[in-house]
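Q: Just passing along the structure, written as structure tokens.
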Amino acid sequence: MSKIVQLKGRSGFYIRISIPAELRPVLKTNTYQWKAGATRAEALRNTPALLSKALRKFDDARGKDPVGEAFRLSETLTDSPDAPTIDELLEQRLKKAGFDSDQIQTIIYGEQVLRQQGIAPAPASAQVKGLQTAVQSRLAGGTPYTDWLDARLIEERPAPTTERRWRTTMKELSGWFGSDCLSPMTKVEAGQYKRHLMQRLADSSTKTNINYIKAFWSWAMVNGYVSENIWRGQTKKLSTSTKQQSLDQELLEAAKVKAAKLNDIGFFIQLYTGCRKGEHRGLRWSDIDLKNGWIHFKRYSHGNIVRELKGKEKDERTVPINSKLKTKFLELMPEALTNNKAEPIWPNEFRSGVFGADWAKRCSAHYGFNSHKLRSYVVTQLQFKNVSPFFLHEITRHAVPGLSKVVQGYVRPSEEQIREVLELLE
């Protein structure tokens, strides 16, 4: 649990992170409290990196990462003349984690060095080999992927769902490789990991995982952590997911009736704009302009809520409200006609940094299909009516291949043209 707070007599905003009960006797405190930013928005943006820092401290306290703990401690003791060597710190941490002396020697010095000195190395388990790789990577100047992650989070500030996917994907790769220092990985090992994923995942899921990793290597190349992207070309022969079936018309008509009974205005917003679930669940009252007939999909901050869009600034847009949707607003949410407060309509649906997760579950349970089907239905309808992809881009932010900013300026449709197109939706 974490919370952004202000402290009496101090400027700025602080993050307060609750420490798990079992670690409080070890860490001798119940919470971590660190300054997160000068403003609440800055503090919220810095929260992911600070949570990563706390998680590493928790791992250190549990003895889960003795090698990382030793190297991190070594960095803090560099100015002390009596500071223990890295070998001594590694030995202390590994012993604390339950390894015997033979295993510790193998981890710190490696099997080849021990044999050269006439010492028979202990039989190495996968865990011992992984820690040995981690030590050698760190000694060679390798940087743990968690440092990459923290730096990239600060630079790119992804949506919380993307952040979780980054963490999971890189942690799984690190577990397979046996080290949190991933820069020594080779192209051969990249291929081996791809085949490892293919044995337990569909090709489309394997491709998604590798694309996330490939993007991390591209970022690491720009920042000088690696010299080449070993993941390039690894997705070429992986098949994509099979084409999804279109939304059944009878099922959709039944869903419309049920949505009206449930007063589910979000259903109709998505049905008549093609927006994403998080885009309509994060709307503020001021984003709905029934008098002039517009819905504004914008990023904003409100208290502890930082509402992001999937594509950030490029996904901000204003979409006309067609006549059918306006009728539904007046039936199901007449307050939208007069309420112009810059407050989220459904603030309680902001969970884990995003809007829409709760509504998506209700959508599947109530209507028998997932929320993305509504977005796909809008795109399909307009495509069948020969609507230009440039119109689709303005309405839904669907990508148009090869569309540059220069070309976009020439082909951008007018507001009235977009309104006419949206009236085609049934």
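Naming scheme: A, B, ... for chains in displayed order of the structure tokens; residues 1 onward per chain; ligands 1 onward as shown.
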Give me every helix (DSSP H, G or I) residue in stretch 167-252 of chain A, going by DSSP on the backbone, as a PyMOL selection string.
A: chain A and resi 167-177+187-198+203-222+249-252
Q: Neighbours of A:Glu308 within 8 Å (only C-alpha atoms; same-chain residues fewer than 6 positions away dropped), as a list in words?
A: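 The residues satisfying every condition are Ala159, Lys298, Arg299, Tyr300 and Val354 of chain A.
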Q: Any idea what's packed within 10 Å of A:Ser246, counting only C-alpha atoms, ignoring anything in its chain fewer than 6 positions away? Could you give it as a PyMOL selection string?
A: chain A and resi 373-374+376-377+380
Q: Enter the distance from atom CA of A:Arg281 to atom CA of A:Glu426, in Å, rounded to one decimal.
A: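 Distance reported for this atom pair: 22.0 Å.
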Q: Considering only strand (DSSP E or B) as DSSP defines it on the backbone, what residues of stretch 215-425 of chain A qualify? List them as a list of chain:residue names.
A: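 Taking stretch 215-425 of chain A and keeping strand (DSSP E or B) only, one gets A:Arg284, A:Ile288, A:Asp289, A:Trp294, A:Ile295, A:His296, A:Phe297, A:Tyr300, A:Ser301, A:His302, A:Ile305, A:Val306, A:Arg307, A:Arg317, A:Thr318, A:Val319, A:Pro320, A:Pro344, A:Phe350, A:Arg351, A:Val354, A:Phe355.
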Q: Could you write out the selected residues, including N, CA and C atoms, as a PDB file, in the first residue's frame?
A:
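In the end it all went to again05.pdb:
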```pdb
ATOM      1  N   ARG A 284     -14.872  13.251 -17.279  1.00  0.00           N
ATOM      2  CA  ARG A 284     -15.363  14.209 -16.288  1.00  0.00           C
ATOM      3  C   ARG A 284     -16.685  14.795 -16.802  1.00  0.00           C
ATOM      4  N   ILE A 288     -18.243  16.362 -21.226  1.00  0.00           N
ATOM      5  CA  ILE A 288     -19.461  16.081 -22.002  1.00  0.00           C
ATOM      6  C   ILE A 288     -20.183  17.402 -22.267  1.00  0.00           C
ATOM      7  N   ASP A 289     -20.273  17.773 -23.508  1.00  0.00           N
ATOM      8  CA  ASP A 289     -20.923  19.034 -23.908  1.00  0.00           C
ATOM      9  C   ASP A 289     -22.139  18.690 -24.767  1.00  0.00           C
ATOM     10  N   TRP A 294     -20.443  17.549 -28.154  1.00  0.00           N
ATOM     11  CA  TRP A 294     -19.063  17.059 -28.200  1.00  0.00           C
ATOM     12  C   TRP A 294     -18.731  16.239 -26.951  1.00  0.00           C
ATOM     13  N   ILE A 295     -17.840  15.262 -27.129  1.00  0.00           N
ATOM     14  CA  ILE A 295     -17.203  14.562 -26.002  1.00  0.00           C
ATOM     15  C   ILE A 295     -15.707  14.788 -26.128  1.00  0.00           C
ATOM     16  N   HIS A 296     -15.081  15.206 -25.039  1.00  0.00           N
ATOM     17  CA  HIS A 296     -13.634  15.459 -25.037  1.00  0.00           C
ATOM     18  C   HIS A 296     -12.928  14.329 -24.289  1.00  0.00           C
ATOM     19  N   PHE A 297     -12.025  13.653 -24.965  1.00  0.00           N
ATOM     20  CA  PHE A 297     -11.199  12.635 -24.320  1.00  0.00           C
ATOM     21  C   PHE A 297      -9.853  13.281 -24.014  1.00  0.00           C
ATOM     22  N   TYR A 300      -5.809  14.335 -17.560  1.00  0.00           N
ATOM     23  CA  TYR A 300      -5.977  15.327 -16.499  1.00  0.00           C
ATOM     24  C   TYR A 300      -5.514  14.753 -15.161  1.00  0.00           C
ATOM     25  N   SER A 301      -5.368  15.638 -14.188  1.00  0.00           N
ATOM     26  CA  SER A 301      -5.094  15.244 -12.801  1.00  0.00           C
ATOM     27  C   SER A 301      -6.220  15.792 -11.939  1.00  0.00           C
ATOM     28  N   HIS A 302      -6.690  14.975 -11.000  1.00  0.00           N
ATOM     29  CA  HIS A 302      -7.737  15.412 -10.078  1.00  0.00           C
ATOM     30  C   HIS A 302      -7.493  14.694  -8.749  1.00  0.00           C
ATOM     31  N   ILE A 305      -6.003  11.188  -8.568  1.00  0.00           N
ATOM     32  CA  ILE A 305      -6.247  10.560  -9.867  1.00  0.00           C
ATOM     33  C   ILE A 305      -5.414  11.256 -10.945  1.00  0.00           C
ATOM     34  N   VAL A 306      -4.619  10.476 -11.652  1.00  0.00           N
ATOM     35  CA  VAL A 306      -3.929  10.970 -12.848  1.00  0.00           C
ATOM     36  C   VAL A 306      -4.462  10.154 -14.010  1.00  0.00           C
ATOM     37  N   ARG A 307      -5.325  10.773 -14.801  1.00  0.00           N
ATOM     38  CA  ARG A 307      -5.979  10.058 -15.900  1.00  0.00           C
ATOM     39  C   ARG A 307      -5.118  10.179 -17.158  1.00  0.00           C
ATOM     40  N   ARG A 317      -8.498  13.904 -28.007  1.00  0.00           N
ATOM     41  CA  ARG A 317      -9.316  14.245 -29.170  1.00  0.00           C
ATOM     42  C   ARG A 317     -10.700  14.691 -28.716  1.00  0.00           C
ATOM     43  N   THR A 318     -11.427  15.316 -29.623  1.00  0.00           N
ATOM     44  CA  THR A 318     -12.812  15.706 -29.391  1.00  0.00           C
ATOM     45  C   THR A 318     -13.671  15.034 -30.457  1.00  0.00           C
ATOM     46  N   VAL A 319     -14.688  14.316 -30.015  1.00  0.00           N
ATOM     47  CA  VAL A 319     -15.524  13.512 -30.914  1.00  0.00           C
ATOM     48  C   VAL A 319     -16.968  14.013 -30.858  1.00  0.00           C
ATOM     49  N   PRO A 320     -17.618  14.175 -32.013  1.00  0.00           N
ATOM     50  CA  PRO A 320     -19.016  14.613 -31.998  1.00  0.00           C
ATOM     51  C   PRO A 320     -19.936  13.583 -31.324  1.00  0.00           C
ATOM     52  N   PRO A 344     -14.242  13.796 -12.138  1.00  0.00           N
ATOM     53  CA  PRO A 344     -14.548  12.506 -12.760  1.00  0.00           C
ATOM     54  C   PRO A 344     -15.975  12.067 -12.414  1.00  0.00           C
ATOM     55  N   PHE A 350     -11.445   4.252 -10.554  1.00  0.00           N
ATOM     56  CA  PHE A 350     -10.006   4.431 -10.799  1.00  0.00           C
ATOM     57  C   PHE A 350      -9.254   3.493  -9.871  1.00  0.00           C
ATOM     58  N   ARG A 351      -8.729   2.420 -10.419  1.00  0.00           N
ATOM     59  CA  ARG A 351      -8.033   1.402  -9.621  1.00  0.00           C
ATOM     60  C   ARG A 351      -6.701   1.058 -10.265  1.00  0.00           C
ATOM     61  N   VAL A 354      -5.638   3.038 -13.356  1.00  0.00           N
ATOM     62  CA  VAL A 354      -6.384   3.076 -14.619  1.00  0.00           C
ATOM     63  C   VAL A 354      -7.888   3.060 -14.355  1.00  0.00           C
ATOM     64  N   PHE A 355      -8.626   3.538 -15.343  1.00  0.00           N
ATOM     65  CA  PHE A 355     -10.077   3.430 -15.369  1.00  0.00           C
ATOM     66  C   PHE A 355     -10.473   2.258 -16.272  1.00  0.00           C
TER      67      PHE A 355
END
```
